[in-house]
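File shown: model_12.cif (mmCIF, N, CA and C atoms).
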data_work
loop_
_atom_site.label_atom_id
_atom_site.label_comp_id
_atom_site.auth_asym_id
_atom_site.auth_seq_id
_atom_site.Cartn_x
_atom_site.Cartn_y
_atom_site.Cartn_z
N MET A 1 0.03 -14.36 26.49
CA MET A 1 0.13 -15.79 26.52
C MET A 1 0.72 -16.28 25.20
N VAL A 2 1.70 -17.17 25.31
CA VAL A 2 2.36 -17.71 24.12
C VAL A 2 1.62 -18.96 23.69
N GLU A 3 1.28 -19.01 22.41
CA GLU A 3 0.57 -20.17 21.88
C GLU A 3 1.59 -21.20 21.41
N GLU A 4 1.42 -22.46 21.84
CA GLU A 4 2.34 -23.51 21.44
C GLU A 4 1.88 -24.15 20.14
N HIS A 5 2.85 -24.58 19.37
CA HIS A 5 2.55 -25.27 18.12
C HIS A 5 1.84 -26.58 18.44
N PRO A 6 0.79 -26.95 17.66
CA PRO A 6 0.04 -28.18 17.95
C PRO A 6 0.93 -29.44 17.98
N LEU A 7 1.94 -29.51 17.13
CA LEU A 7 2.83 -30.68 17.13
C LEU A 7 3.67 -30.73 18.40
N ALA A 8 4.06 -29.58 18.90
CA ALA A 8 4.83 -29.54 20.15
C ALA A 8 3.97 -30.01 21.32
N VAL A 9 2.71 -29.63 21.33
CA VAL A 9 1.79 -30.07 22.38
C VAL A 9 1.61 -31.58 22.32
N MET A 10 1.40 -32.10 21.10
CA MET A 10 1.21 -33.54 20.93
C MET A 10 2.47 -34.30 21.35
N PHE A 11 3.64 -33.80 20.96
CA PHE A 11 4.90 -34.46 21.32
C PHE A 11 5.08 -34.49 22.83
N SER A 12 4.78 -33.39 23.50
CA SER A 12 4.96 -33.35 24.96
C SER A 12 4.01 -34.33 25.65
N LYS A 13 2.78 -34.50 25.12
CA LYS A 13 1.85 -35.46 25.69
C LYS A 13 2.35 -36.89 25.48
N ILE A 14 2.87 -37.18 24.29
CA ILE A 14 3.41 -38.51 24.00
C ILE A 14 4.61 -38.78 24.90
N LEU A 15 5.49 -37.80 25.05
CA LEU A 15 6.66 -37.96 25.90
C LEU A 15 6.24 -38.22 27.35
N PHE A 16 5.22 -37.50 27.84
CA PHE A 16 4.73 -37.71 29.19
C PHE A 16 4.22 -39.14 29.37
N ILE A 17 3.44 -39.63 28.42
CA ILE A 17 2.91 -40.99 28.50
C ILE A 17 4.04 -42.00 28.48
N PHE A 18 5.04 -41.78 27.61
CA PHE A 18 6.18 -42.69 27.52
C PHE A 18 6.94 -42.75 28.84
N VAL A 19 7.21 -41.61 29.44
CA VAL A 19 7.93 -41.55 30.72
C VAL A 19 7.10 -42.22 31.81
N ALA A 20 5.80 -41.97 31.81
CA ALA A 20 4.93 -42.58 32.82
C ALA A 20 4.93 -44.10 32.69
N LEU A 21 4.83 -44.60 31.47
CA LEU A 21 4.86 -46.05 31.26
C LEU A 21 6.20 -46.65 31.65
N CYS A 22 7.27 -45.97 31.33
CA CYS A 22 8.60 -46.46 31.69
C CYS A 22 8.76 -46.53 33.20
N SER A 23 8.18 -45.59 33.91
CA SER A 23 8.33 -45.59 35.36
C SER A 23 7.55 -46.73 36.01
N LEU A 24 6.59 -47.32 35.29
CA LEU A 24 5.85 -48.46 35.81
C LEU A 24 6.64 -49.75 35.71
N SER A 25 7.61 -49.79 34.81
CA SER A 25 8.40 -51.00 34.66
C SER A 25 9.38 -51.11 35.83
N PHE A 26 9.96 -52.29 35.99
CA PHE A 26 10.87 -52.52 37.10
C PHE A 26 12.18 -51.78 36.87
N PRO A 27 12.71 -51.14 37.90
CA PRO A 27 13.98 -50.42 37.74
C PRO A 27 15.14 -51.38 37.54
N LEU A 28 16.09 -50.99 36.75
CA LEU A 28 17.27 -51.80 36.52
C LEU A 28 18.49 -50.91 36.63
N ASP A 29 19.31 -51.17 37.62
CA ASP A 29 20.52 -50.40 37.81
C ASP A 29 21.63 -51.07 37.01
N LEU A 30 22.03 -50.44 35.92
CA LEU A 30 23.05 -51.01 35.06
C LEU A 30 24.44 -50.49 35.38
N SER A 31 24.58 -49.67 36.39
CA SER A 31 25.90 -49.14 36.71
C SER A 31 26.83 -50.28 37.08
N GLY A 32 27.99 -50.29 36.50
CA GLY A 32 28.95 -51.35 36.76
C GLY A 32 28.77 -52.56 35.89
N PHE A 33 27.72 -52.59 35.07
CA PHE A 33 27.50 -53.76 34.24
C PHE A 33 27.63 -53.46 32.74
N VAL A 34 27.19 -52.32 32.29
CA VAL A 34 27.28 -52.00 30.87
C VAL A 34 28.39 -51.00 30.66
N GLY A 35 29.41 -51.42 29.91
CA GLY A 35 30.52 -50.53 29.64
C GLY A 35 31.24 -50.10 30.89
N GLY A 36 31.22 -50.96 31.91
CA GLY A 36 31.84 -50.62 33.18
C GLY A 36 33.34 -50.79 33.14
N ASP A 37 33.90 -51.06 34.29
CA ASP A 37 35.35 -51.22 34.36
C ASP A 37 35.75 -52.56 33.74
N ASP A 38 37.04 -52.86 33.74
CA ASP A 38 37.53 -54.08 33.12
C ASP A 38 37.00 -55.34 33.80
N GLU A 39 36.63 -55.22 35.08
CA GLU A 39 36.14 -56.39 35.80
C GLU A 39 34.76 -56.83 35.33
N THR A 40 33.89 -55.88 34.99
CA THR A 40 32.49 -56.21 34.72
C THR A 40 32.01 -55.84 33.33
N SER A 41 32.87 -55.34 32.48
CA SER A 41 32.40 -54.81 31.21
C SER A 41 31.83 -55.88 30.29
N CYS A 42 32.01 -57.15 30.58
CA CYS A 42 31.42 -58.20 29.76
C CYS A 42 29.95 -58.42 30.06
N LEU A 43 29.49 -58.05 31.25
CA LEU A 43 28.09 -58.23 31.59
C LEU A 43 27.28 -57.15 30.91
N THR A 44 26.26 -57.55 30.15
CA THR A 44 25.47 -56.57 29.43
C THR A 44 24.06 -56.42 29.98
N TYR A 45 23.56 -57.44 30.72
CA TYR A 45 22.20 -57.34 31.24
C TYR A 45 21.99 -58.32 32.38
N ILE A 46 21.53 -57.81 33.49
CA ILE A 46 21.10 -58.62 34.62
C ILE A 46 19.81 -58.00 35.12
N PRO A 47 18.69 -58.73 35.04
CA PRO A 47 17.42 -58.11 35.45
C PRO A 47 17.34 -57.88 36.95
N SER A 48 16.57 -56.89 37.34
CA SER A 48 16.36 -56.62 38.76
C SER A 48 15.03 -57.20 39.23
N ALA A 49 14.20 -57.69 38.29
CA ALA A 49 12.92 -58.28 38.65
C ALA A 49 12.47 -59.23 37.55
N ILE A 50 11.72 -60.25 37.95
CA ILE A 50 11.09 -61.15 36.98
C ILE A 50 9.66 -61.39 37.41
N SER A 51 8.83 -61.78 36.44
CA SER A 51 7.43 -62.13 36.72
C SER A 51 7.11 -63.41 35.95
N PRO A 52 7.51 -64.55 36.48
CA PRO A 52 7.35 -65.82 35.76
C PRO A 52 5.90 -66.30 35.73
N ASN A 53 5.09 -65.64 34.88
CA ASN A 53 3.67 -65.99 34.81
C ASN A 53 3.30 -66.61 33.47
N GLY A 54 4.30 -66.90 32.63
CA GLY A 54 4.04 -67.57 31.36
C GLY A 54 3.61 -66.68 30.22
N ASP A 55 3.68 -65.35 30.41
CA ASP A 55 3.26 -64.47 29.32
C ASP A 55 4.39 -64.15 28.34
N GLY A 56 5.59 -64.68 28.61
CA GLY A 56 6.72 -64.46 27.71
C GLY A 56 7.45 -63.15 27.95
N ILE A 57 7.03 -62.38 28.94
CA ILE A 57 7.66 -61.09 29.25
C ILE A 57 8.25 -61.17 30.65
N ASN A 58 9.55 -61.01 30.76
CA ASN A 58 10.25 -61.04 32.05
C ASN A 58 9.99 -62.32 32.83
N ASP A 59 9.85 -63.44 32.12
CA ASP A 59 9.56 -64.72 32.78
C ASP A 59 10.79 -65.36 33.41
N ILE A 60 11.99 -65.00 32.96
CA ILE A 60 13.18 -65.66 33.47
C ILE A 60 14.24 -64.65 33.90
N PHE A 61 15.04 -65.08 34.86
CA PHE A 61 16.23 -64.34 35.27
C PHE A 61 17.35 -64.88 34.40
N GLU A 62 17.88 -64.04 33.55
CA GLU A 62 18.90 -64.46 32.60
C GLU A 62 20.09 -63.51 32.65
N VAL A 63 21.28 -64.07 32.72
CA VAL A 63 22.50 -63.28 32.71
C VAL A 63 23.00 -63.21 31.27
N ARG A 64 23.03 -62.01 30.73
CA ARG A 64 23.53 -61.83 29.36
C ARG A 64 24.91 -61.19 29.43
N HIS A 65 25.75 -61.62 28.53
CA HIS A 65 27.12 -61.10 28.51
C HIS A 65 27.62 -61.04 27.08
N SER A 66 28.73 -60.32 26.90
CA SER A 66 29.26 -60.14 25.56
C SER A 66 30.60 -60.83 25.33
N CYS A 67 31.33 -61.17 26.39
CA CYS A 67 32.67 -61.70 26.12
C CYS A 67 33.20 -62.67 27.17
N ILE A 68 32.32 -63.26 27.97
CA ILE A 68 32.78 -64.26 28.94
C ILE A 68 32.83 -65.60 28.21
N THR A 69 34.00 -66.20 28.18
CA THR A 69 34.15 -67.44 27.42
C THR A 69 34.01 -68.68 28.28
N ALA A 70 34.18 -68.55 29.58
CA ALA A 70 34.08 -69.70 30.48
C ALA A 70 32.66 -69.80 31.04
N GLU A 71 32.44 -70.83 31.81
CA GLU A 71 31.16 -71.03 32.45
C GLU A 71 30.94 -69.98 33.54
N ILE A 72 29.68 -69.66 33.78
CA ILE A 72 29.29 -68.73 34.82
C ILE A 72 28.57 -69.53 35.90
N GLU A 73 28.97 -69.34 37.15
CA GLU A 73 28.28 -69.97 38.27
C GLU A 73 27.23 -69.00 38.77
N LEU A 74 25.98 -69.45 38.82
CA LEU A 74 24.86 -68.63 39.30
C LEU A 74 24.23 -69.31 40.50
N GLY A 75 24.03 -68.57 41.56
CA GLY A 75 23.29 -69.05 42.72
C GLY A 75 22.18 -68.08 43.04
N ILE A 76 21.01 -68.61 43.37
CA ILE A 76 19.87 -67.81 43.80
C ILE A 76 19.57 -68.22 45.24
N TYR A 77 19.40 -67.21 46.11
CA TYR A 77 19.21 -67.46 47.54
C TYR A 77 17.92 -66.81 48.01
N ASP A 78 17.21 -67.50 48.92
CA ASP A 78 16.00 -66.93 49.48
C ASP A 78 16.35 -65.94 50.60
N SER A 79 15.34 -65.38 51.23
CA SER A 79 15.58 -64.35 52.26
C SER A 79 16.25 -64.91 53.51
N ASN A 80 16.26 -66.23 53.66
CA ASN A 80 16.94 -66.86 54.79
C ASN A 80 18.37 -67.26 54.46
N GLY A 81 18.81 -66.96 53.24
CA GLY A 81 20.17 -67.28 52.83
C GLY A 81 20.36 -68.69 52.31
N ARG A 82 19.27 -69.43 52.16
CA ARG A 82 19.36 -70.79 51.61
C ARG A 82 19.43 -70.73 50.10
N MET A 83 20.37 -71.51 49.53
CA MET A 83 20.46 -71.59 48.08
C MET A 83 19.27 -72.38 47.57
N ILE A 84 18.49 -71.75 46.68
CA ILE A 84 17.32 -72.43 46.13
C ILE A 84 17.51 -72.81 44.67
N TYR A 85 18.59 -72.28 44.05
CA TYR A 85 18.87 -72.61 42.65
C TYR A 85 20.36 -72.43 42.41
N ALA A 86 20.94 -73.35 41.64
CA ALA A 86 22.34 -73.24 41.26
C ALA A 86 22.49 -73.71 39.82
N SER A 87 23.36 -73.04 39.08
CA SER A 87 23.61 -73.39 37.69
C SER A 87 25.04 -73.04 37.33
N VAL A 88 25.64 -73.86 36.51
CA VAL A 88 26.94 -73.55 35.91
C VAL A 88 26.73 -73.68 34.42
N SER A 89 26.77 -72.55 33.73
CA SER A 89 26.44 -72.52 32.31
C SER A 89 27.06 -71.29 31.66
N SER A 90 27.19 -71.33 30.34
CA SER A 90 27.68 -70.14 29.64
C SER A 90 26.59 -69.08 29.53
N ARG A 91 25.34 -69.48 29.72
CA ARG A 91 24.22 -68.54 29.70
C ARG A 91 23.19 -68.95 30.76
N PRO A 92 23.52 -68.69 32.04
CA PRO A 92 22.64 -69.15 33.11
C PRO A 92 21.31 -68.41 33.14
N MET A 93 20.26 -69.13 33.52
CA MET A 93 18.94 -68.53 33.66
C MET A 93 18.13 -69.31 34.69
N TRP A 94 17.18 -68.61 35.30
CA TRP A 94 16.32 -69.21 36.31
C TRP A 94 14.89 -68.81 36.04
N ASN A 95 13.97 -69.78 36.14
CA ASN A 95 12.56 -69.55 35.81
C ASN A 95 11.66 -69.32 37.02
N GLY A 96 12.24 -69.11 38.20
CA GLY A 96 11.43 -68.85 39.39
C GLY A 96 10.90 -70.11 40.06
N MET A 97 11.53 -71.24 39.74
CA MET A 97 11.09 -72.50 40.33
C MET A 97 12.24 -73.18 41.06
N THR A 98 11.90 -73.97 42.07
CA THR A 98 12.87 -74.80 42.78
C THR A 98 12.31 -76.21 42.83
N ASN A 99 13.05 -77.14 42.30
CA ASN A 99 12.61 -78.54 42.25
C ASN A 99 11.23 -78.68 41.61
N GLY A 100 10.98 -77.88 40.56
CA GLY A 100 9.72 -77.94 39.83
C GLY A 100 8.56 -77.24 40.51
N VAL A 101 8.80 -76.56 41.61
CA VAL A 101 7.74 -75.87 42.36
C VAL A 101 8.01 -74.36 42.30
N PRO A 102 7.00 -73.56 41.93
CA PRO A 102 7.19 -72.11 41.92
C PRO A 102 7.52 -71.58 43.31
N VAL A 103 8.50 -70.70 43.40
CA VAL A 103 8.82 -70.07 44.68
C VAL A 103 7.89 -68.89 44.89
N PRO A 104 7.66 -68.49 46.13
CA PRO A 104 6.75 -67.36 46.38
C PRO A 104 7.33 -66.03 45.91
N ALA A 105 6.44 -65.09 45.69
CA ALA A 105 6.86 -63.73 45.36
C ALA A 105 7.71 -63.19 46.50
N GLY A 106 8.67 -62.36 46.14
CA GLY A 106 9.51 -61.77 47.18
C GLY A 106 10.86 -61.36 46.65
N SER A 107 11.74 -61.06 47.56
CA SER A 107 13.09 -60.60 47.23
C SER A 107 14.07 -61.77 47.37
N TYR A 108 14.93 -61.92 46.40
CA TYR A 108 15.93 -62.97 46.36
C TYR A 108 17.29 -62.35 46.06
N THR A 109 18.32 -63.05 46.45
CA THR A 109 19.69 -62.60 46.18
C THR A 109 20.28 -63.50 45.11
N TRP A 110 20.96 -62.89 44.14
CA TRP A 110 21.69 -63.67 43.14
C TRP A 110 23.17 -63.46 43.36
N GLN A 111 23.94 -64.47 43.00
CA GLN A 111 25.39 -64.38 43.11
C GLN A 111 26.00 -65.03 41.87
N LEU A 112 26.96 -64.32 41.27
CA LEU A 112 27.66 -64.81 40.07
C LEU A 112 29.13 -64.96 40.36
N LYS A 113 29.71 -65.96 39.74
CA LYS A 113 31.17 -66.11 39.77
C LYS A 113 31.58 -66.55 38.38
N TYR A 114 32.54 -65.83 37.81
CA TYR A 114 32.99 -66.15 36.46
C TYR A 114 34.39 -65.62 36.25
N ARG A 115 35.00 -66.04 35.15
CA ARG A 115 36.30 -65.55 34.76
C ARG A 115 36.07 -64.58 33.60
N ASN A 116 36.53 -63.34 33.76
CA ASN A 116 36.27 -62.33 32.73
C ASN A 116 37.24 -62.46 31.56
N HIS A 117 37.11 -61.55 30.62
CA HIS A 117 37.92 -61.58 29.40
C HIS A 117 39.41 -61.34 29.66
N LEU A 118 39.74 -60.87 30.86
CA LEU A 118 41.14 -60.66 31.22
C LEU A 118 41.72 -61.86 31.97
N GLY A 119 40.84 -62.87 32.22
CA GLY A 119 41.28 -64.05 32.94
C GLY A 119 41.15 -63.95 34.44
N ASN A 120 40.58 -62.85 34.94
CA ASN A 120 40.40 -62.65 36.38
C ASN A 120 39.09 -63.25 36.85
N THR A 121 39.09 -63.84 38.04
CA THR A 121 37.86 -64.34 38.64
C THR A 121 37.09 -63.17 39.22
N VAL A 122 35.82 -63.07 38.87
CA VAL A 122 34.96 -61.98 39.31
C VAL A 122 33.76 -62.57 40.04
N GLU A 123 33.43 -61.99 41.17
CA GLU A 123 32.23 -62.37 41.92
C GLU A 123 31.34 -61.15 42.06
N LYS A 124 30.08 -61.31 41.74
CA LYS A 124 29.09 -60.23 41.83
C LYS A 124 27.85 -60.77 42.50
N LYS A 125 27.14 -59.90 43.22
CA LYS A 125 25.86 -60.29 43.77
C LYS A 125 24.93 -59.10 43.75
N GLY A 126 23.65 -59.39 43.82
CA GLY A 126 22.64 -58.34 43.79
C GLY A 126 21.30 -58.88 44.21
N GLN A 127 20.30 -58.02 44.15
CA GLN A 127 18.95 -58.37 44.56
C GLN A 127 18.05 -58.55 43.35
N LEU A 128 17.09 -59.42 43.50
CA LEU A 128 16.11 -59.72 42.46
C LEU A 128 14.74 -59.76 43.11
N VAL A 129 13.76 -59.12 42.50
CA VAL A 129 12.40 -59.16 43.00
C VAL A 129 11.60 -60.09 42.08
N LEU A 130 10.94 -61.06 42.68
CA LEU A 130 10.09 -61.98 41.92
C LEU A 130 8.65 -61.60 42.19
N VAL A 131 7.91 -61.29 41.12
CA VAL A 131 6.53 -60.86 41.22
C VAL A 131 5.64 -61.95 40.64
N ARG A 132 4.61 -62.31 41.34
CA ARG A 132 3.65 -63.32 40.85
C ARG A 132 2.32 -62.67 40.58
#
Could you express the structure from this file as structure tokens?
Amino acid sequence: MVEEHPLAVMFSKILFIFVALCSLSFPLDLSGFVGGDDETSCLTYIPSAISPNGDGINDIFEVRHSCITAEIELGIYDSNGRMIYASVSSRPMWNGMTNGVPVPAGSYTWQLKYRNHLGNTVEKKGQLVLVR
């Protein structure tokens, strides 16, 4: 039997805990958004889930970018396809409310339209999970 160094054992336990904790967080598919092609390389972060409970962690859906100079059109749609939120801003964000009323937990669709750094109009959409 090979005896492992105590520091190696401790490191492997810490790594296991770190991986386990990371797997509890909401998954975020960044493919096509970070360092992607010329169409989307300005987008740096789009969350896949929010939990607008006022704790300051993942409370808002926010589109972050690095080089979009024009306004971004953001639409949020419920499961029936009804637009429940719309914004035109250089840094659009949504707090999980419609007309001042919290929307129920569930899956929502987001849609973006913007002009990228090359001057091309880009439209993107994806899913967002709202947890209460």
For the structure provided, state which residues fall under the PyMOL selection byres ((chain A and resi 77) around 8), and present them as a ChimeraX atom specification. /A:74-76,78-86,107-111
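Closest to A:Arg91 among A:Gly106, A:Pro47, A:Leu118, A:Val63 is A:Val63, based on all atoms listed in the file.
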At what distance in Å, to one decimal, does atom C of A:Glu73 lie from atom N of A:His117? 14.8 Å
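The space separating atom CA of A:Ala70 from atom C of A:Gln127 comes to 23.4 Å.
Interatomic distance, atom C of A:Gly100 against atom N of A:Glu123: 29.2 Å.
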Name the residues captured by the PyMOL selection byres (((chain A and resi 46 and name CA) around 8) and name CA) when it is applied to the shown file; answer as an MDAnalysis selection string. chainID A and resid 30 43:45 47:48 61:64
